[in-house]
file upload14.txt (compact mmCIF, C-alpha atoms)
# COMPACT_ATOMS: atom_id res chain seq x y z
CA MET A 1 -59.53 14.83 37.04
CA THR A 2 -59.13 11.31 35.62
CA ARG A 3 -57.21 12.55 32.59
CA ARG A 4 -55.07 14.69 34.90
CA ALA A 5 -54.13 11.57 36.87
CA LEU A 6 -53.47 9.75 33.61
CA THR A 7 -51.15 12.50 32.38
CA ALA A 8 -49.29 12.49 35.70
CA GLY A 9 -48.88 8.72 35.52
CA LEU A 10 -47.65 8.80 31.92
CA VAL A 11 -45.08 11.49 32.67
CA ALA A 12 -43.95 9.64 35.80
CA MET A 13 -43.29 6.43 33.86
CA VAL A 14 -41.37 8.24 31.11
CA SER A 15 -39.33 10.12 33.73
CA LEU A 16 -38.36 6.94 35.56
CA VAL A 17 -37.17 5.20 32.38
CA ALA A 18 -35.19 8.32 31.47
CA PHE A 19 -33.72 8.74 34.95
CA GLU A 20 -32.48 5.18 35.04
CA TYR A 21 -30.81 5.69 31.66
CA VAL A 22 -28.89 8.68 33.04
CA ALA A 23 -28.24 7.08 36.42
CA VAL A 24 -26.69 3.90 35.04
CA ALA A 25 -24.29 5.88 32.86
CA ILE A 26 -23.06 7.77 35.92
CA ALA A 27 -22.86 4.80 38.28
CA MET A 28 -21.32 2.24 35.90
CA PRO A 29 -17.65 3.13 36.49
CA VAL A 30 -18.11 2.39 40.20
CA VAL A 31 -20.12 -0.75 39.41
CA ALA A 32 -17.46 -2.14 37.07
CA ARG A 33 -14.70 -1.40 39.57
CA GLU A 34 -16.50 -3.17 42.43
CA LEU A 35 -17.72 -6.18 40.44
CA GLY A 36 -14.44 -6.54 38.57
CA GLY A 37 -15.90 -6.69 35.09
CA ILE A 38 -14.33 -3.74 33.35
CA GLU A 39 -13.97 -5.77 30.13
CA LEU A 40 -17.78 -6.11 30.07
CA TYR A 41 -18.36 -2.39 30.63
CA GLY A 42 -19.59 -1.65 27.13
CA LEU A 43 -21.90 -4.67 27.09
CA ALA A 44 -23.82 -3.25 30.04
CA PHE A 45 -24.94 -0.44 27.72
CA SER A 46 -25.11 -2.10 24.31
CA GLY A 47 -26.90 -5.15 25.76
CA ALA A 48 -29.69 -3.02 27.20
CA MET A 49 -29.96 -1.17 23.90
CA ALA A 50 -30.14 -4.44 21.97
CA ALA A 51 -32.91 -5.77 24.19
CA GLY A 52 -34.68 -2.42 23.81
CA VAL A 53 -34.74 -2.66 20.01
CA VAL A 54 -36.38 -6.10 20.23
CA GLY A 55 -38.79 -4.89 22.91
CA THR A 56 -39.78 -1.92 20.78
CA VAL A 57 -40.73 -4.14 17.83
CA VAL A 58 -42.61 -6.64 20.00
CA GLY A 59 -44.37 -3.96 22.02
CA GLY A 60 -45.56 -2.00 19.00
CA ARG A 61 -47.34 -4.90 17.35
CA TRP A 62 -48.59 -6.29 20.66
CA ALA A 63 -50.18 -2.95 21.58
CA ASP A 64 -51.92 -2.72 18.20
CA LEU A 65 -53.30 -6.24 18.37
CA ARG A 66 -54.29 -6.50 22.03
CA GLY A 67 -54.32 -2.93 23.29
CA PRO A 68 -51.58 -1.12 25.22
CA LEU A 69 -52.30 -2.42 28.72
CA ALA A 70 -50.71 -5.87 28.36
CA PRO A 71 -47.36 -4.62 27.02
CA LEU A 72 -47.45 -1.66 29.41
CA TRP A 73 -47.76 -3.70 32.59
CA THR A 74 -45.58 -6.53 31.31
CA GLY A 75 -42.94 -3.97 30.47
CA ALA A 76 -43.23 -2.31 33.87
CA ALA A 77 -42.83 -5.68 35.59
CA ALA A 78 -39.78 -6.52 33.46
CA PHE A 79 -38.31 -3.06 34.08
CA ILE A 80 -38.67 -3.53 37.85
CA GLY A 81 -37.41 -7.12 37.74
CA GLY A 82 -34.34 -6.14 35.75
CA LEU A 83 -33.53 -3.33 38.16
CA VAL A 84 -33.79 -5.62 41.16
CA MET A 85 -31.61 -8.23 39.44
CA ALA A 86 -28.98 -5.60 38.64
CA GLY A 87 -29.11 -4.06 42.11
CA LEU A 88 -28.52 -7.42 43.80
CA ALA A 89 -26.04 -8.72 41.22
CA PRO A 90 -23.05 -10.60 42.69
CA SER A 91 -21.14 -10.36 39.40
CA MET A 92 -20.95 -8.29 36.25
CA GLU A 93 -22.54 -11.11 34.25
CA VAL A 94 -25.66 -11.08 36.43
CA LEU A 95 -25.83 -7.30 36.27
CA ILE A 96 -25.75 -7.44 32.47
CA ALA A 97 -28.56 -10.01 32.51
CA GLY A 98 -30.57 -7.59 34.63
CA ARG A 99 -29.82 -4.80 32.17
CA LEU A 100 -31.13 -6.95 29.32
CA VAL A 101 -34.42 -7.51 31.14
CA GLN A 102 -34.63 -3.86 32.13
CA GLY A 103 -33.96 -2.66 28.57
CA PHE A 104 -36.62 -4.96 27.13
CA GLY A 105 -39.16 -3.84 29.72
CA GLY A 106 -38.45 -0.15 29.31
CA ALA A 107 -38.95 -0.45 25.55
CA LEU A 108 -42.34 -2.15 26.02
CA VAL A 109 -43.39 0.69 28.32
CA ASN A 110 -42.30 3.46 25.95
CA VAL A 111 -44.19 2.06 22.95
CA ALA A 112 -47.31 1.31 24.98
CA LEU A 113 -47.40 4.89 26.27
CA TYR A 114 -47.50 6.22 22.70
CA VAL A 115 -50.51 4.00 21.98
CA VAL A 116 -52.25 5.18 25.17
CA VAL A 117 -51.83 8.77 23.98
CA ALA A 118 -53.30 7.88 20.58
CA ARG A 119 -56.28 6.09 22.15
CA VAL A 120 -57.16 8.53 24.93
CA TYR A 121 -56.20 12.07 23.98
CA PRO A 122 -57.78 14.01 21.11
CA GLU A 123 -55.40 14.88 18.30
CA GLU A 124 -55.27 18.56 19.23
CA LEU A 125 -53.77 17.63 22.63
CA HIS A 126 -50.97 15.45 21.21
CA PRO A 127 -48.48 18.34 20.93
CA LYS A 128 -48.90 19.17 24.62
CA ILE A 129 -48.59 15.55 25.73
CA PHE A 130 -45.45 14.95 23.71
CA SER A 131 -43.95 18.20 24.96
CA LEU A 132 -44.41 16.78 28.47
CA PHE A 133 -42.79 13.52 27.37
CA ALA A 134 -39.82 15.41 25.97
CA THR A 135 -39.46 17.35 29.20
CA ALA A 136 -39.71 14.08 31.16
CA TRP A 137 -36.67 12.83 29.23
CA VAL A 138 -34.69 16.06 29.54
CA VAL A 139 -35.16 16.90 33.22
CA PRO A 140 -33.40 13.72 34.49
CA SER A 141 -30.31 14.76 32.53
CA MET A 142 -30.34 18.04 34.46
CA VAL A 143 -30.93 16.78 38.01
CA GLY A 144 -29.89 13.14 37.65
CA PRO A 145 -26.11 13.51 37.99
CA ALA A 146 -26.32 15.29 41.34
CA ILE A 147 -28.91 12.85 42.75
CA VAL A 148 -27.03 9.79 41.59
CA GLY A 149 -23.76 11.17 42.93
CA VAL A 150 -25.28 11.55 46.39
CA ILE A 151 -26.79 8.05 46.28
CA VAL A 152 -23.52 6.42 45.19
CA ASP A 153 -21.47 8.31 47.80
CA THR A 154 -23.84 7.70 50.70
CA ALA A 155 -25.84 4.53 50.13
CA GLY A 156 -23.79 2.79 47.44
CA TRP A 157 -24.30 2.10 43.73
CA ARG A 158 -26.76 -0.75 44.31
CA TRP A 159 -29.40 1.72 45.48
CA VAL A 160 -29.24 3.48 42.12
CA PHE A 161 -31.02 0.35 40.86
CA LEU A 162 -33.01 -0.63 43.94
CA LEU A 163 -34.74 2.68 44.69
CA VAL A 164 -36.34 3.09 41.26
CA PRO A 165 -38.63 0.02 41.56
CA PHE A 166 -40.41 1.63 44.51
CA LEU A 167 -40.91 4.81 42.50
CA THR A 168 -42.09 2.77 39.52
CA VAL A 169 -44.76 1.07 41.60
CA ALA A 170 -45.93 4.47 42.89
CA GLY A 171 -46.03 5.91 39.38
CA GLY A 172 -47.81 2.80 38.14
CA LEU A 173 -50.55 3.20 40.75
CA VAL A 174 -51.16 6.78 39.62
CA LEU A 175 -51.24 5.61 36.00
CA LEU A 176 -53.60 2.75 36.87
CA ARG A 177 -56.02 5.22 38.43
CA GLY A 178 -55.84 7.46 35.38
CA LEU A 179 -56.46 4.57 32.98
CA ALA A 180 -59.72 3.59 34.69
CA GLY A 181 -62.59 4.01 32.26
CA GLN A 182 -60.39 5.04 29.33
CA PRO A 183 -60.68 3.39 25.87
CA VAL A 184 -57.46 1.43 26.08
CA THR A 185 -58.65 -2.19 26.14
CA GLY A 186 -58.89 -4.37 23.08
CA GLY A 187 -56.90 -4.38 19.89
CA GLN A 188 -57.61 -2.49 16.71
CA GLY A 189 -55.22 -4.25 14.37
CA THR A 190 -55.20 -7.56 12.53
CA PRO A 191 -52.44 -10.14 12.89
CA ALA A 192 -49.64 -9.46 10.45
CA PRO A 193 -47.69 -12.35 8.93
CA GLY A 194 -44.03 -12.66 9.74
CA LEU A 195 -44.05 -11.14 13.24
CA LEU A 196 -41.52 -13.68 14.53
CA ALA A 197 -39.31 -12.93 11.55
CA LYS A 198 -39.53 -9.24 12.35
CA VAL A 199 -38.43 -9.91 15.92
CA GLY A 200 -35.49 -11.84 14.48
CA TRP A 201 -34.56 -8.88 12.27
CA ALA A 202 -34.76 -6.64 15.32
CA ALA A 203 -32.35 -8.91 17.18
CA LEU A 204 -30.00 -8.88 14.17
CA ALA A 205 -30.14 -5.05 14.02
CA ALA A 206 -29.34 -4.86 17.72
CA LEU A 207 -26.40 -7.23 17.27
CA ALA A 208 -25.17 -5.15 14.34
CA ALA A 209 -25.38 -1.94 16.36
CA GLY A 210 -23.42 -3.58 19.17
CA LEU A 211 -20.72 -4.75 16.77
CA MET A 212 -20.42 -1.23 15.40
CA GLN A 213 -20.11 0.17 18.90
CA TYR A 214 -17.24 -2.18 19.73
CA GLY A 215 -15.66 -1.73 16.31
CA SER A 216 -15.55 2.04 16.65
CA SER A 217 -12.55 1.74 18.98
CA GLY A 218 -10.37 0.72 16.07
CA GLN A 219 -11.52 -2.82 15.23
CA VAL A 220 -12.42 -2.11 11.64
CA VAL A 221 -13.56 -5.67 10.88
CA LEU A 222 -16.27 -5.48 13.56
CA LEU A 223 -17.33 -2.03 12.38
CA ILE A 224 -17.73 -3.20 8.79
CA ALA A 225 -19.48 -6.42 9.84
CA GLY A 226 -21.96 -4.38 11.88
CA LEU A 227 -22.64 -2.06 8.94
CA VAL A 228 -23.30 -5.00 6.61
CA LEU A 229 -25.67 -6.70 9.04
CA LEU A 230 -27.47 -3.43 9.67
CA ALA A 231 -27.88 -2.79 5.95
CA VAL A 232 -29.68 -6.14 5.73
CA ALA A 233 -31.83 -5.90 8.87
CA LEU A 234 -32.81 -2.24 9.22
CA PRO A 235 -34.94 -1.87 6.06
CA ARG A 236 -37.14 -4.71 7.34
CA LEU A 237 -37.90 -2.83 10.55
CA LEU A 238 -38.64 0.65 9.22
CA PRO A 239 -41.35 1.98 6.89
CA ALA A 240 -40.54 1.31 3.25
CA GLY A 241 -38.49 4.16 1.85
CA THR A 242 -37.06 5.40 5.16
CA LEU A 243 -33.46 5.20 4.00
CA LYS A 244 -34.47 7.21 0.91
CA ALA A 245 -36.50 9.72 2.97
CA ALA A 246 -39.69 8.96 1.02
CA ARG A 247 -42.61 11.26 1.71
CA GLY A 248 -44.72 10.72 4.80
CA LEU A 249 -43.85 8.46 7.68
CA PRO A 250 -40.50 7.35 6.17
CA ALA A 251 -39.28 10.96 6.17
CA VAL A 252 -40.50 11.43 9.76
CA VAL A 253 -38.57 8.36 10.93
CA GLY A 254 -35.50 9.37 8.93
CA LEU A 255 -35.49 12.91 10.29
CA ARG A 256 -35.81 11.67 13.88
CA GLY A 257 -32.85 9.34 13.36
CA LEU A 258 -30.67 12.00 11.74
CA ALA A 259 -31.43 14.65 14.37
CA THR A 260 -30.90 12.41 17.39
CA GLY A 261 -27.84 10.82 15.79
CA ALA A 262 -26.26 14.23 15.17
CA LEU A 263 -27.01 15.38 18.71
CA PHE A 264 -25.83 12.26 20.55
CA ALA A 265 -22.68 11.89 18.46
CA THR A 266 -21.61 15.37 19.49
CA GLU A 267 -22.74 15.05 23.10
CA VAL A 268 -20.48 12.02 23.50
CA ILE A 269 -17.41 14.01 22.47
CA ILE A 270 -18.19 17.47 23.92
CA PRO A 271 -17.16 16.75 27.56
CA LEU A 272 -13.91 15.13 26.39
CA MET A 273 -13.13 18.07 24.13
CA LEU A 274 -13.90 20.70 26.75
CA VAL A 275 -11.89 18.95 29.47
CA GLU A 276 -8.92 17.60 27.53
CA GLU A 277 -8.51 20.31 24.88
CA ARG A 278 -9.92 23.44 26.50
CA GLY A 279 -9.02 22.77 30.14
CA LEU A 280 -12.46 23.00 31.73
CA SER A 281 -13.32 21.02 34.83
CA PRO A 282 -15.81 18.15 34.41
CA LEU A 283 -18.38 20.24 36.28
CA MET A 284 -18.05 23.21 33.93
CA ALA A 285 -18.13 20.91 30.89
CA GLY A 286 -21.30 19.33 32.22
CA ILE A 287 -22.93 22.72 32.65
CA ALA A 288 -22.50 23.30 28.92
CA LEU A 289 -24.67 20.25 28.23
CA THR A 290 -27.16 21.23 30.94
CA GLY A 291 -27.87 24.50 29.13
CA GLY A 292 -28.96 22.50 26.10
CA ALA A 293 -31.22 20.34 28.25
CA VAL A 294 -32.93 23.43 29.66
CA THR A 295 -33.64 24.94 26.23
CA TRP A 296 -34.76 21.54 24.89
CA SER A 297 -37.39 21.51 27.61
CA PHE A 298 -38.42 25.13 26.93
CA ALA A 299 -38.72 24.58 23.18
CA SER A 300 -40.80 21.45 23.80
CA TRP A 301 -43.13 23.58 25.90
CA LEU A 302 -43.46 26.06 23.03
CA GLN A 303 -44.18 23.20 20.62
CA GLY A 304 -46.91 21.95 22.93
CA ARG A 305 -48.62 25.34 22.76
CA GLU A 306 -48.28 25.41 18.97
CA VAL A 307 -46.48 28.75 18.94
CA PHE A 308 -45.04 27.79 15.53
CA SER A 309 -46.44 25.60 12.78
CA GLN A 310 -45.15 22.05 12.46
CA ILE A 311 -43.10 22.82 9.37
CA THR A 312 -41.55 25.81 11.16
CA ASN A 313 -40.69 23.58 14.11
CA LEU A 314 -38.87 21.14 11.85
CA ARG A 315 -37.09 23.72 9.70
CA LEU A 316 -36.16 26.14 12.46
CA GLY A 317 -35.22 23.27 14.77
CA SER A 318 -32.95 21.69 12.16
CA VAL A 319 -31.27 25.03 11.44
CA MET A 320 -30.66 25.69 15.14
CA LEU A 321 -29.32 22.18 15.68
CA ALA A 322 -26.91 22.64 12.78
CA VAL A 323 -25.83 26.09 13.99
CA GLY A 324 -25.26 24.78 17.52
CA ILE A 325 -23.10 21.90 16.26
CA LEU A 326 -21.12 24.26 14.00
CA LEU A 327 -20.46 26.73 16.82
CA MET A 328 -19.43 23.95 19.21
CA GLY A 329 -17.07 22.64 16.53
CA VAL A 330 -15.46 26.09 16.32
CA VAL A 331 -14.72 25.85 20.05
CA THR A 332 -12.23 23.09 19.30
CA PHE A 333 -9.82 25.78 18.04
CA ALA A 334 -7.64 27.31 20.77
CA ALA A 335 -8.01 30.84 19.39
CA VAL A 336 -11.79 30.76 20.00
CA PRO A 337 -13.02 31.67 23.52
CA VAL A 338 -14.17 28.52 25.29
CA ALA A 339 -17.15 30.48 26.64
CA LEU A 340 -18.74 30.05 23.20
CA ALA A 341 -19.51 26.44 24.17
CA TYR A 342 -22.34 27.55 26.46
CA PRO A 343 -24.51 29.48 23.98
CA SER A 344 -23.64 26.91 21.30
CA TRP A 345 -25.40 24.07 23.06
CA ILE A 346 -28.22 26.30 24.23
CA VAL A 347 -28.97 26.85 20.53
CA ALA A 348 -28.69 23.14 19.67
CA GLY A 349 -30.91 22.10 22.58
CA PHE A 350 -33.60 24.58 21.55
CA GLY A 351 -33.56 23.11 18.05
CA MET A 352 -34.02 19.55 19.34
CA GLY A 353 -36.86 20.72 21.56
CA LEU A 354 -38.73 21.85 18.46
CA ILE A 355 -37.92 18.79 16.35
CA TYR A 356 -38.33 15.87 18.73
CA PRO A 357 -41.93 16.16 19.98
CA THR A 358 -43.17 17.44 16.61
CA LEU A 359 -42.06 14.18 15.00
CA SER A 360 -43.89 12.18 17.70
CA VAL A 361 -47.07 14.09 16.89
CA LEU A 362 -46.63 13.55 13.15
CA THR A 363 -46.14 9.81 13.65
CA LEU A 364 -49.59 9.49 15.22
CA GLU A 365 -51.15 11.79 12.63
CA LEU A 366 -49.80 9.57 9.85
CA SER A 367 -50.95 6.34 11.50
CA ASP A 368 -54.24 4.65 10.70
CA PRO A 369 -56.23 3.21 13.65
CA GLY A 370 -54.54 0.05 14.83
CA GLU A 371 -51.13 1.09 13.52
CA GLU A 372 -50.09 3.59 16.18
CA GLY A 373 -48.00 1.01 18.01
CA VAL A 374 -46.13 -0.40 15.04
CA ASN A 375 -45.40 3.07 13.65
CA SER A 376 -44.30 4.38 17.05
CA SER A 377 -42.01 1.38 17.40
CA ALA A 378 -40.53 2.13 13.97
CA LEU A 379 -39.87 5.71 15.08
CA GLN A 380 -38.08 4.54 18.22
CA VAL A 381 -36.15 1.76 16.49
CA GLY A 382 -34.93 4.25 13.91
CA GLU A 383 -33.92 6.70 16.61
CA SER A 384 -32.00 4.08 18.59
CA VAL A 385 -30.18 2.50 15.68
CA PHE A 386 -29.38 5.76 13.87
CA SER A 387 -27.94 7.12 17.13
CA VAL A 388 -25.73 4.09 17.72
CA VAL A 389 -24.52 4.19 14.11
CA ALA A 390 -23.78 7.92 14.37
CA VAL A 391 -21.81 7.48 17.59
CA ALA A 392 -19.92 4.47 16.21
CA VAL A 393 -19.01 6.12 12.91
CA THR A 394 -17.96 9.43 14.45
CA SER A 395 -15.95 7.60 17.12
CA ALA A 396 -14.16 5.68 14.39
CA LEU A 397 -13.45 8.94 12.55
CA PHE A 398 -12.16 10.48 15.77
CA THR A 399 -9.73 7.60 16.23
CA ALA A 400 -8.72 7.37 12.58
CA VAL A 401 -7.60 11.00 12.32
CA GLY A 402 -5.87 11.04 15.69
CA SER A 403 -8.22 12.59 18.25
CA GLY A 404 -9.87 14.59 15.48
CA TYR A 405 -12.64 16.46 17.24
CA TRP A 406 -13.29 18.45 14.07
CA ALA A 407 -14.15 15.22 12.19
CA VAL A 408 -16.90 14.39 14.70
CA PHE A 409 -18.48 17.83 14.49
CA ALA A 410 -18.22 17.88 10.69
CA ALA A 411 -19.99 14.52 10.38
CA ALA A 412 -22.68 15.57 12.85
CA LEU A 413 -23.20 18.82 10.95
CA VAL A 414 -23.75 16.86 7.73
CA MET A 415 -26.42 14.77 9.49
CA ALA A 416 -28.20 17.85 10.82
CA LEU A 417 -28.20 19.49 7.39
CA ALA A 418 -29.51 16.29 5.82
CA GLY A 419 -32.38 16.44 8.31
CA LEU A 420 -33.11 20.02 7.26
CA ALA A 421 -33.24 18.91 3.63
CA ILE A 422 -35.82 16.16 4.22
CA ALA A 423 -38.03 18.03 6.73
CA PRO A 424 -40.48 19.34 4.08
CA ARG A 425 -41.05 15.80 2.77
CA ALA A 426 -42.70 14.83 6.02
CA MET A 427 -44.97 17.85 6.04
CA ARG A 428 -46.04 17.60 2.42
CA ALA A 429 -46.98 13.98 2.99
CA ALA A 430 -49.05 14.89 6.02
CA VAL A 431 -51.10 17.30 3.93
CA LEU A 432 -51.16 16.00 0.37
CA VAL A 433 -50.93 12.21 0.33
CA PRO A 434 -52.88 9.41 2.05
CA ARG A 435 -51.69 8.19 5.42
CA ALA A 436 -48.79 5.81 5.38
CA VAL A 437 -49.36 2.19 6.45
CA GLY A 438 -46.51 1.32 8.80
CA VAL A 439 -44.12 -1.55 8.70

call {"tool": "encode", "arguments": {"input": "upload14.txt", "output": "structure tokens"}}
result
Amino acid sequence: MTRRALTAGLVAMVSLVAFEYVAVAIAMPVVARELGGIELYGLAFSGAMAAGVVGTVVGGRWADLRGPLAPLWTGAAAFIGGLVMAGLAPSMEVLIAGRLVQGFGGALVNVALYVVVARVYPEELHPKIFSLFATAWVVPSMVGPAIVGVIVDTAGWRWVFLLVPFLTVAGGLVLLRGLAGQPVTGGQGTPAPGLLAKVGWAALAALAAGLMQYGSSGQVVLLIAGLVLLAVALPRLLPAGTLKAARGLPAVVGLRGLATGALFATEVIIPLMLVEERGLSPLMAGIALTGGAVTWSFASWLQGREVFSQITNLRLGSVMLAVGILLMGVVTFAAVPVALAYPSWIVAGFGMGLIYPTLSVLTLELSDPGEEGVNSSALQVGESVFSVVAVAVTSALFTAVGSGYWAVFAAALVMALAGLAIAPRAMRAAVLVPRAVGV
């Protein structure tokens, strides 16, 4: 019963962080129009992401050294505080400050939850738990738009921010009950030198990602500056050898970044392509993405029941992701029936549902006691930064070739195929070589 309450609380917290991510994206056009800060629109997103990268690094080491409870509850408090600040914001500047606090807090929560899973659940249950986590991220993308639309139209955009704190407190109480008596207190790691420096590198990586995001609109100088800064900072935040896809944890982190980068880069452009080029309504274009969310959830459920082996999950998932991107790219041609968009993203979503939770499980399997937090933070930092880089680079390609949808899909396909190539390196490391030591 206690573990059942714990599972419910964990899933509730993940769902709330995910829902707010979706909700803010939908409500922001109305927010910017009312607060008069349209020039700061992008900063409302990139700022939260930047704070999240720093929070991920801090939370991972904190959870290893002192146990997951301190970063978990600190993160929950910051998440709530940031939401309240944003919901009551009199100006766009204050709203962005709230988003910074919210992003930092949400990152602390996410990393701490990984460490709770490692401490409490036996290894054979990790696939099921991470399948639930994946579903908790996917479901808000299915139901969130309709819920947020109703809230904005009836109560106003401020309640998109102000309602979630109440739900977070409720979810936290369930989680608190489930944590009672569980082995989550105390640290298992030893202080590592250079933690403050690592936080500084995280801040630099976040700044670099933000510069790339702004530069993707045609400001080449910013794009290049972001790439240079990222090339300096990122290797100091990820396991050694990640950018070379070295065996073990580096390959796991690299594959997660490539897969999510390929997916998100295409998801950014798909609605625009379907509406502007193929003449679909926004609703029908959104349904195409919803199909992928449904199959992502279903494939995560299959992964949790270990229907396939881990290597099959990674290989089959990478192939399906690549096939889905390729088929969606074909839809850009007028001679191809636009109806192909729907099965295309169903295939891609199924592939991600196999890949994503499997890599979470492998991260814990490859972590020594006391390193679950720092390795989980590396996984999430890699995912965030790779995704921003993928979106920035493909957006720049799109602009450079004159609304070249094909360039975006081609670049994303290359990323997906690169993930397929390195998938076996993670699995061989899990079986044949000693566990990796994290960052």

call {"tool": "closest_residue", "arguments": {"input": "upload14.txt", "among": "A:Val84, A:Val138, A:Val120, A:Leu362", "to": "Tyr21 of chain A", "atoms": "only C-alpha atoms"}}
result
A:Val138

call {"tool": "residues_around", "arguments": {"input": "upload14.txt", "residues": "Arg4 of chain A", "least_positions_apart": "4", "cutoff": "12 Å", "atoms": "only C-alpha atoms", "output": "tab-separated table (two decimals) with C-alpha atoms, keeping the file's coordinate frame"}}
result
chain	number	residue	atom	x	y	z
A	8	ALA	CA	-49.29	12.49	35.70
A	9	GLY	CA	-48.88	8.72	35.52
A	10	LEU	CA	-47.65	8.80	31.92
A	11	VAL	CA	-45.08	11.49	32.67
A	120	VAL	CA	-57.16	8.53	24.93
A	121	TYR	CA	-56.20	12.07	23.98
A	129	ILE	CA	-48.59	15.55	25.73
A	174	VAL	CA	-51.16	6.78	39.62
A	175	LEU	CA	-51.24	5.61	36.00
A	177	ARG	CA	-56.02	5.22	38.43
A	178	GLY	CA	-55.84	7.46	35.38
A	179	LEU	CA	-56.46	4.57	32.98

call {"tool": "residues_around", "arguments": {"input": "upload14.txt", "residues": "segment 263-279 of chain A", "least_positions_apart": "6", "cutoff": "6 Å", "atoms": "all atoms listed in the file", "output": "PyMOL selection string"}}
result
chain A and resi 285+390-391

call {"tool": "atom_distance", "arguments": {"input": "upload14.txt", "atom1": "atom CA of Ala205 of chain A", "atom2": "atom CA of Val374 of chain A"}}
result
16.7 Å

call {"tool": "closest_residue", "arguments": {"input": "upload14.txt", "among": "A:Met320, A:Ala245, A:Val221, A:Val54", "to": "Gly353 of chain A", "atoms": "only C-alpha atoms"}}
result
A:Met320

call {"tool": "atom_distance", "arguments": {"input": "upload14.txt", "atom1": "atom CA of Gly172 of chain A", "atom2": "atom CA of Val294 of chain A"}}
result
26.8 Å

call {"tool": "atom_distance", "arguments": {"input": "upload14.txt", "atom1": "atom CA of Leu83 of chain A", "atom2": "atom CA of Val109 of chain A"}}
result
14.5 Å

call {"tool": "closest_residue", "arguments": {"input": "upload14.txt", "among": "A:Val160, A:Ala63, A:Ala407, A:Leu321", "to": "Trp296 of chain A", "atoms": "only C-alpha atoms"}}
result
A:Leu321

call {"tool": "closest_residue", "arguments": {"input": "upload14.txt", "among": "A:Met284, A:Leu327, A:Ala107, A:Leu255", "to": "Ala418 of chain A", "atoms": "all atoms listed in the file"}}
result
A:Leu255

call {"tool": "residues_around", "arguments": {"input": "upload14.txt", "residues": "Ile346 of chain A", "least_positions_apart": "4", "cutoff": "6 Å", "atoms": "all atoms listed in the file", "output": "PyMOL selection string"}}
result
chain A and resi 291-292+295

call {"tool": "closest_residue", "arguments": {"input": "upload14.txt", "among": "A:Leu238, A:Leu16, A:Leu125, A:Leu420", "to": "Pro165 of chain A", "atoms": "all atoms listed in the file"}}
result
A:Leu16

call {"tool": "closest_residue", "arguments": {"input": "upload14.txt", "among": "A:Ala23, A:Ala246, A:Leu289, A:Val408", "to": "Ser395 of chain A", "atoms": "only C-alpha atoms"}}
result
A:Val408

call {"tool": "axis_aligned_box", "arguments": {"input": "upload14.txt", "around": "segment 364-372 of chain A", "padding_each_side": "8 Å", "output": "lines of an AutoDock Vina configuration file"}}
result
center_x = -52.9
center_y = 5.9
center_z = 13.0
size_x = 22.6
size_y = 27.7
size_z = 22.3

call {"tool": "build_atoms", "arguments": {"input": "upload14.txt", "residues": "segment 345-353 of chain A", "atoms": "N, CA, C and O atoms", "output": "PDB file, in the coordinates of the input"}}
result
ATOM      1  N   TRP A 345     -24.517  25.207  22.777  1.00  0.00           N
ATOM      2  CA  TRP A 345     -25.400  24.070  23.060  1.00  0.00           C
ATOM      3  C   TRP A 345     -26.781  24.514  23.517  1.00  0.00           C
ATOM      4  O   TRP A 345     -27.747  23.749  23.427  1.00  0.00           O
ATOM      5  N   ILE A 346     -26.900  25.732  23.972  1.00  0.00           N
ATOM      6  CA  ILE A 346     -28.220  26.300  24.230  1.00  0.00           C
ATOM      7  C   ILE A 346     -29.013  26.372  22.923  1.00  0.00           C
ATOM      8  O   ILE A 346     -30.199  26.035  22.858  1.00  0.00           O
ATOM      9  N   VAL A 347     -28.338  26.785  21.850  1.00  0.00           N
ATOM     10  CA  VAL A 347     -28.970  26.850  20.530  1.00  0.00           C
ATOM     11  C   VAL A 347     -29.348  25.456  20.039  1.00  0.00           C
ATOM     12  O   VAL A 347     -30.472  25.217  19.582  1.00  0.00           O
ATOM     13  N   ALA A 348     -28.422  24.503  20.141  1.00  0.00           N
ATOM     14  CA  ALA A 348     -28.690  23.140  19.670  1.00  0.00           C
ATOM     15  C   ALA A 348     -29.829  22.494  20.451  1.00  0.00           C
ATOM     16  O   ALA A 348     -30.701  21.825  19.866  1.00  0.00           O
ATOM     17  N   GLY A 349     -29.846  22.685  21.769  1.00  0.00           N
ATOM     18  CA  GLY A 349     -30.910  22.100  22.580  1.00  0.00           C
ATOM     19  C   GLY A 349     -32.268  22.662  22.225  1.00  0.00           C
ATOM     20  O   GLY A 349     -33.265  21.931  22.175  1.00  0.00           O
ATOM     21  N   PHE A 350     -32.336  23.970  21.950  1.00  0.00           N
ATOM     22  CA  PHE A 350     -33.600  24.580  21.550  1.00  0.00           C
ATOM     23  C   PHE A 350     -34.097  23.947  20.247  1.00  0.00           C
ATOM     24  O   PHE A 350     -35.290  23.646  20.092  1.00  0.00           O
ATOM     25  N   GLY A 351     -33.174  23.730  19.318  1.00  0.00           N
ATOM     26  CA  GLY A 351     -33.560  23.110  18.050  1.00  0.00           C
ATOM     27  C   GLY A 351     -34.141  21.721  18.245  1.00  0.00           C
ATOM     28  O   GLY A 351     -35.177  21.374  17.660  1.00  0.00           O
ATOM     29  N   MET A 352     -33.505  20.902  19.090  1.00  0.00           N
ATOM     30  CA  MET A 352     -34.020  19.550  19.340  1.00  0.00           C
ATOM     31  C   MET A 352     -35.372  19.592  20.037  1.00  0.00           C
ATOM     32  O   MET A 352     -36.226  18.728  19.803  1.00  0.00           O
ATOM     33  N   GLY A 353     -35.574  20.600  20.881  1.00  0.00           N
ATOM     34  CA  GLY A 353     -36.860  20.720  21.560  1.00  0.00           C
ATOM     35  C   GLY A 353     -38.003  20.998  20.607  1.00  0.00           C
ATOM     36  O   GLY A 353     -39.159  20.647  20.896  1.00  0.00           O
TER      37      GLY A 353
END
